[in-house]
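The file structure_15.txt contains compact mmCIF, C-alpha atoms:
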```txt
# COMPACT_ATOMS: atom_id res chain seq x y z
CA LYS J 232 -38.70 8.88 72.37
CA GLU J 233 -41.79 11.04 72.95
CA VAL J 234 -44.07 8.05 72.33
CA LEU J 235 -42.16 6.00 74.91
CA ASP J 236 -42.83 8.65 77.58
CA SER J 237 -46.40 7.35 77.84
CA PHE J 238 -45.04 4.00 79.16
CA GLN J 239 -43.10 5.49 82.08
CA SER J 240 -44.12 4.07 85.50
CA ARG J 241 -46.73 1.83 83.85
CA GLU J 242 -47.04 -1.93 83.64
CA VAL J 243 -46.21 -3.10 80.13
CA VAL J 244 -46.15 -6.31 78.15
CA VAL J 245 -43.55 -7.01 75.48
CA THR J 246 -44.35 -9.76 72.99
CA GLU J 247 -42.39 -11.15 70.10
CA LYS J 248 -43.30 -9.50 66.79
CA VAL J 249 -43.71 -12.36 64.36
CA ASP J 250 -43.52 -12.25 60.58
CA GLY J 251 -47.08 -13.15 59.65
CA GLU J 252 -50.19 -11.53 58.24
CA ASN J 253 -52.29 -9.33 60.50
CA THR J 254 -55.77 -10.90 60.58
CA SER J 255 -59.00 -9.72 62.24
CA MET J 256 -61.88 -12.02 63.18
CA TYR J 257 -65.40 -10.83 63.94
CA ARG J 258 -68.52 -12.83 64.69
CA ASP J 259 -69.62 -12.62 61.04
CA TYR J 260 -66.46 -11.76 59.10
CA ILE J 261 -62.72 -12.31 58.81
CA HIS J 262 -60.17 -10.29 56.88
CA ALA J 263 -56.44 -9.92 56.44
CA ARG J 264 -54.87 -6.45 56.77
CA SER J 265 -57.81 -4.49 55.34
CA LEU J 266 -61.55 -5.05 55.08
CA ASN J 267 -61.33 -5.66 51.33
CA SER J 268 -58.30 -7.96 51.24
CA ARG J 269 -58.48 -10.42 48.35
CA ASN J 270 -58.49 -14.18 48.74
CA HIS J 271 -55.22 -16.11 49.00
CA PRO J 272 -54.70 -19.85 49.67
CA SER J 273 -52.50 -19.07 52.69
CA ARG J 274 -55.62 -17.76 54.43
CA ASN J 275 -57.62 -21.00 54.18
CA TRP J 276 -56.37 -22.43 57.49
CA VAL J 277 -57.25 -19.33 59.50
CA LYS J 278 -60.64 -19.09 57.73
CA ASN J 279 -61.38 -22.66 58.88
CA LEU J 280 -60.38 -21.71 62.42
CA HIS J 281 -62.70 -18.70 62.27
CA ALA J 282 -65.58 -20.87 61.06
CA ARG J 283 -65.17 -23.04 64.16
CA ILE J 284 -65.10 -20.20 66.73
CA ALA J 285 -67.07 -17.36 65.10
CA HIS J 286 -70.25 -18.11 67.06
CA GLU J 287 -68.29 -17.58 70.30
CA ILE J 288 -67.06 -14.08 69.38
CA PRO J 289 -69.39 -11.51 71.01
CA GLU J 290 -71.26 -9.13 68.73
CA ASP J 291 -69.08 -6.12 67.73
CA TRP J 292 -65.89 -7.67 69.16
CA ARG J 293 -62.84 -8.49 67.07
CA ILE J 294 -59.90 -10.79 67.64
CA CYS J 295 -56.63 -9.63 66.09
CA GLY J 296 -53.66 -11.88 65.51
CA GLU J 297 -50.97 -13.04 63.13
CA ASN J 298 -51.79 -15.64 60.52
CA LEU J 299 -48.56 -17.65 60.39
CA TYR J 300 -49.58 -20.39 58.01
CA ALA J 301 -47.26 -19.23 55.23
CA ALA J 302 -43.61 -18.31 55.73
CA HIS J 303 -42.96 -14.73 54.66
CA SER J 304 -39.33 -13.63 55.10
CA ILE J 305 -38.84 -15.86 58.18
CA GLN J 306 -39.64 -19.57 58.39
CA TYR J 307 -40.83 -20.59 61.87
CA ARG J 308 -40.53 -23.97 63.55
CA GLY J 309 -42.21 -25.04 66.75
CA LEU J 310 -45.23 -22.72 66.58
CA PRO J 311 -48.06 -23.51 69.03
CA SER J 312 -50.56 -22.66 66.26
CA TYR J 313 -50.72 -20.97 62.87
CA PHE J 314 -52.68 -18.12 64.51
CA LEU J 315 -51.34 -16.09 67.45
CA VAL J 316 -53.65 -13.57 69.13
CA PHE J 317 -52.14 -10.24 70.12
CA ALA J 318 -55.24 -8.12 70.82
CA ILE J 319 -58.98 -8.43 71.37
CA TYR J 320 -61.27 -5.40 71.04
CA ASN J 321 -64.68 -5.19 72.70
CA GLU J 322 -67.88 -3.49 71.50
CA ARG J 323 -66.53 -0.09 72.70
CA ASN J 324 -63.48 -0.46 70.41
CA GLU J 325 -61.34 -0.88 73.53
CA CYS J 326 -58.42 -3.29 73.49
CA LEU J 327 -58.82 -5.65 76.43
CA SER J 328 -56.11 -5.63 79.06
CA TRP J 329 -53.41 -8.21 78.38
CA ASP J 330 -54.61 -10.51 81.19
CA GLU J 331 -58.25 -10.30 80.04
CA MET J 332 -57.18 -11.02 76.47
CA VAL J 333 -55.15 -14.08 77.50
CA SER J 334 -58.10 -15.33 79.54
CA TYR J 335 -60.59 -14.91 76.70
CA ALA J 336 -58.18 -16.44 74.15
CA GLY J 337 -57.86 -19.41 76.51
CA ILE J 338 -61.63 -19.88 76.57
CA LEU J 339 -61.52 -20.13 72.76
CA ASP J 340 -58.42 -22.35 72.90
CA LEU J 341 -56.40 -19.80 70.91
CA ALA J 342 -52.65 -19.33 71.29
CA THR J 343 -51.30 -15.87 72.10
CA ALA J 344 -48.17 -14.02 71.04
CA PRO J 345 -45.22 -15.07 73.24
CA VAL J 346 -44.45 -12.74 76.15
CA LEU J 347 -40.82 -11.64 76.37
CA TYR J 348 -41.29 -9.32 79.36
CA GLN J 349 -44.13 -8.20 81.63
CA GLY J 350 -43.66 -5.68 84.41
CA LEU J 351 -43.00 -2.01 85.04
CA TYR J 352 -41.59 -0.19 82.05
CA ASP J 353 -37.82 -0.32 82.05
CA GLU J 354 -36.15 0.84 78.83
CA ASN J 355 -33.16 -1.47 79.21
CA ARG J 356 -35.30 -4.53 79.92
CA VAL J 357 -37.54 -3.73 76.98
CA LYS J 358 -34.62 -3.24 74.58
CA ALA J 359 -33.11 -6.52 75.83
CA CYS J 360 -36.19 -8.28 74.43
CA TYR J 361 -34.57 -8.06 71.02
CA SER J 362 -32.00 -10.86 70.94
CA GLY J 363 -32.11 -11.50 67.20
CA GLN J 364 -33.39 -15.03 67.84
CA SER J 365 -37.06 -16.00 67.94
CA VAL J 366 -38.50 -18.06 70.79
CA PHE J 367 -39.63 -20.44 68.05
CA SER J 368 -36.81 -22.95 67.56
CA GLY J 369 -34.10 -20.43 66.85
CA SER J 370 -35.67 -18.73 63.84
CA PRO J 371 -34.56 -15.12 63.35
CA GLN J 372 -36.47 -12.60 65.49
CA GLU J 373 -38.38 -9.98 63.53
CA GLY J 374 -38.78 -7.66 66.50
CA TYR J 375 -41.05 -7.00 69.43
CA VAL J 376 -44.24 -5.17 70.35
CA LEU J 377 -44.55 -3.04 73.49
CA ARG J 378 -48.02 -2.32 74.90
CA LEU J 379 -49.58 -1.15 78.13
CA ALA J 380 -50.84 -4.08 80.19
CA ASP J 381 -54.08 -2.19 80.94
CA ALA J 382 -57.09 -1.93 78.64
CA ILE J 383 -56.49 0.57 75.83
CA PRO J 384 -59.27 2.75 74.38
CA TRP J 385 -58.83 3.11 70.62
CA VAL J 386 -58.25 6.88 70.93
CA ASN J 387 -55.14 6.12 73.03
CA HIS J 388 -53.82 3.32 70.83
CA ARG J 389 -51.00 5.26 69.14
CA THR J 390 -49.49 6.23 72.51
CA SER J 391 -50.11 2.84 74.16
CA VAL J 392 -48.60 0.41 71.64
CA ALA J 393 -45.21 0.54 69.91
CA LYS J 394 -43.61 -1.85 67.44
CA PHE J 395 -39.88 -2.38 66.89
CA VAL J 396 -38.60 -4.42 63.94
CA ARG J 397 -35.13 -5.48 62.92
CA LYS J 398 -33.31 -3.36 60.37
CA GLY J 399 -34.11 -4.61 56.88
CA HIS J 400 -36.75 -6.95 58.26
CA VAL J 401 -38.13 -7.72 54.80
CA GLN J 402 -35.43 -10.04 53.47
CA THR J 403 -37.08 -11.32 50.31
CA SER J 404 -36.85 -9.93 46.79
CA HIS J 405 -40.49 -10.70 45.92
CA ASN J 406 -43.75 -10.35 47.79
CA TRP J 407 -44.46 -13.61 49.64
CA MET J 408 -47.97 -13.74 48.12
CA SER J 409 -46.54 -14.17 44.62
CA ARG J 410 -44.35 -17.13 45.60
CA PRO J 411 -45.36 -20.76 46.21
CA ILE J 412 -46.64 -21.23 49.77
CA VAL J 413 -44.12 -22.68 52.20
CA PRO J 414 -45.94 -23.51 55.44
CA ASN J 415 -44.36 -22.70 58.78
CA ILE J 416 -44.00 -25.66 61.13
CA VAL J 417 -46.12 -26.13 64.25
CA SER J 418 -44.79 -28.02 67.27
CA ASP J 419 -45.62 -31.67 67.88
CA GLY J 420 -49.15 -31.98 69.17
CA ALA J 421 -50.23 -28.56 67.87
CA GLU J 422 -53.17 -28.47 65.53
CA GLU J 423 -52.24 -28.23 61.85
CA SER J 424 -55.49 -28.86 60.06
CA GLY J 425 -57.60 -25.88 61.11
CA THR J 426 -60.67 -28.05 60.54
```
Could you rewrite the structure in this file as structure tokens?
Amino acid sequence: KEVLDSFQSREVVVTEKVDGENTSMYRDYIHARSLNSRNHPSRNWVKNLHARIAHEIPEDWRICGENLYAAHSIQYRGLPSYFLVFAIYNERNECLSWDEMVSYAGILDLATAPVLYQGLYDENRVKACYSGQSVFSGSPQEGYVLRLADAIPWVNHRTSVAKFVRKGHVQTSHNWMSRPIVPNIVSDGAEESGT
């Protein structure tokens, strides 16, 4: 509750929290979760995407998103892409405002996390963003992410972004990385190849 106090009377954006792998792209590097993440075949598509756009990422910026190539505990249908951007950080380690991020992602032809609500913080409207059903062809909804619409300096990140996930959101008995890859499904006309 204390964390949510920082959202009062502020413009917020609520996006669907999708069940993918957090991935960061820099001009000269890409990694999943941590800087020293090991290789996995489910990362090949997003690595190909990075190879195509890396030269357009400004020095010391990073693009953060969900790699949705492989199904984890939820299988998605109708994705606009296997990579959905949810944040872009500039050279000052400041998360761009939501509108600036959407604009820059558009320049790079990158899809963004789906917006469930944008407007003044209203606890009831935010909680209503969890319906249990994803915007992607009726797949289960993992949860949602609440963030300030304004730019967010890194030092304020923990009081400017909150994540809510469904109870028992990990529904598999084994880590998805140890199972055969089952690709999620992109919508008709969306790019599948990553090349």
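Distance-wise, CA of Thr390 (chain J) and CA of Val245 (chain J) end up 14.8 Å apart.
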CA of Asp250 (chain J) to CA of Gly337 (chain J): how many Å, to one decimal?
->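 Interatomic distance, CA of Asp250 (chain J) to CA of Gly337 (chain J): 22.6 Å.
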Tell me which protein, DNA and RNA residues are within 7 Å of region 296-308 of chain J, counting only C-alpha atoms, leaving out same-chain ones fewer than 6 positions away, and put them as an MDAnalysis selection string.
-> chainID J and resid 250:255 273 277 314:318 367:368 370:371 401:403 407 412:418
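Nearest to Phe395 (chain J) of all the residues J:Tyr313, J:Tyr335, J:Tyr348, J:Tyr361 is J:Tyr361, based on only C-alpha atoms.
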As a check of understanding: the span from CA of Gly350 (chain J) to CA of Leu327 (chain J) is 17.1 Å
Quick one: of J:Ser328, J:Gln349, J:Ser362, J:Gln372, who's nearest to Pro384 (chain J), counting only C-alpha atoms?
->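 Of J:Ser328, J:Gln349, J:Ser362, J:Gln372, the one nearest Pro384 (chain J) is J:Ser328, counting only C-alpha atoms.
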Radius query 12 Å about (-54.0, 1.7, 73.1), atoms used: all atoms listed in the file, as a PyMOL selection string | chain J and resi 234+237-238+243+318-320+324-329+377-393
Proximity to Glu247 (chain J) - best of J:Arg269, J:Arg410, J:His286, J:Arg397, only C-alpha atoms |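 Selected residue with least distance to Glu247 (chain J): J:Arg397.
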Contacts of Lys278 (chain J) at 12 Å (all atoms listed in the file; same-chain gap of 4+ positions) as a VMD selection string | chain J and resid 254 to 257 259 to 263 270 to 274 282 to 285 298 300 313 to 314 424 to 426
I need the chosen residues saved as an mmCIF file, in the coordinates of the input, with C-alpha atoms.
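out-v4.cif, written as the output of this step:
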```cif
data_model
loop_
_atom_site.group_PDB
_atom_site.id
_atom_site.type_symbol
_atom_site.label_atom_id
_atom_site.label_comp_id
_atom_site.auth_asym_id
_atom_site.auth_seq_id
_atom_site.Cartn_x
_atom_site.Cartn_y
_atom_site.Cartn_z
ATOM 1 C CA THR J 254 -55.770 -10.900 60.580
ATOM 2 C CA SER J 255 -59.000 -9.720 62.240
ATOM 3 C CA MET J 256 -61.880 -12.020 63.180
ATOM 4 C CA TYR J 257 -65.400 -10.830 63.940
ATOM 5 C CA ASP J 259 -69.620 -12.620 61.040
ATOM 6 C CA TYR J 260 -66.460 -11.760 59.100
ATOM 7 C CA ILE J 261 -62.720 -12.310 58.810
ATOM 8 C CA HIS J 262 -60.170 -10.290 56.880
ATOM 9 C CA ALA J 263 -56.440 -9.920 56.440
ATOM 10 C CA ASN J 270 -58.490 -14.180 48.740
ATOM 11 C CA HIS J 271 -55.220 -16.110 49.000
ATOM 12 C CA PRO J 272 -54.700 -19.850 49.670
ATOM 13 C CA SER J 273 -52.500 -19.070 52.690
ATOM 14 C CA ARG J 274 -55.620 -17.760 54.430
ATOM 15 C CA ALA J 282 -65.580 -20.870 61.060
ATOM 16 C CA ARG J 283 -65.170 -23.040 64.160
ATOM 17 C CA ILE J 284 -65.100 -20.200 66.730
ATOM 18 C CA ALA J 285 -67.070 -17.360 65.100
ATOM 19 C CA ASN J 298 -51.790 -15.640 60.520
ATOM 20 C CA TYR J 300 -49.580 -20.390 58.010
ATOM 21 C CA TYR J 313 -50.720 -20.970 62.870
ATOM 22 C CA PHE J 314 -52.680 -18.120 64.510
ATOM 23 C CA SER J 424 -55.490 -28.860 60.060
ATOM 24 C CA GLY J 425 -57.600 -25.880 61.110
ATOM 25 C CA THR J 426 -60.670 -28.050 60.540
#
```
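Between Cys295 (chain J) and the residues J:Ser312, J:Thr343, J:Ser334, J:Asn279, the shortest atom-to-atom distance, using all atoms listed in the file, involves J:Thr343.
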Write out as a PDB file with C-alpha atoms, in the coordinates of the input each polymer residue whose atoms come within 7 Å of Thr246 (chain J), counting only C-alpha atoms; drop sequence neighbours fewer than 5 positions from it.
```pdb
ATOM      1  CA  ALA J 344     -48.170 -14.020  71.040  1.00  0.00           C
ATOM      2  CA  PRO J 345     -45.220 -15.070  73.240  1.00  0.00           C
ATOM      3  CA  VAL J 346     -44.450 -12.740  76.150  1.00  0.00           C
ATOM      4  CA  LEU J 347     -40.820 -11.640  76.370  1.00  0.00           C
ATOM      5  CA  TYR J 375     -41.050  -7.000  69.430  1.00  0.00           C
ATOM      6  CA  VAL J 376     -44.240  -5.170  70.350  1.00  0.00           C
ATOM      7  CA  LEU J 377     -44.550  -3.040  73.490  1.00  0.00           C
TER       8      LEU J 377
END
```
Go through J:Arg293, J:Lys248, J:Arg356, J:Arg241 and flag the residue nearest Val396 (chain J), using all atoms listed in the file for the distances.
->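 Among J:Arg293, J:Lys248, J:Arg356, J:Arg241, it is J:Lys248 that comes nearest to Val396 (chain J).
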Padding of 8 Å on every side, edges along x, y and z, all listed atoms of region 340-358 of chain J included: what centre and edge lengths in Å, to one decimal, does that box have, as JSON?
```
{"center_x": -45.8, "center_y": -10.8, "center_z": 78.0, "size_x": 41.3, "size_y": 39.2, "size_z": 30.1}
```
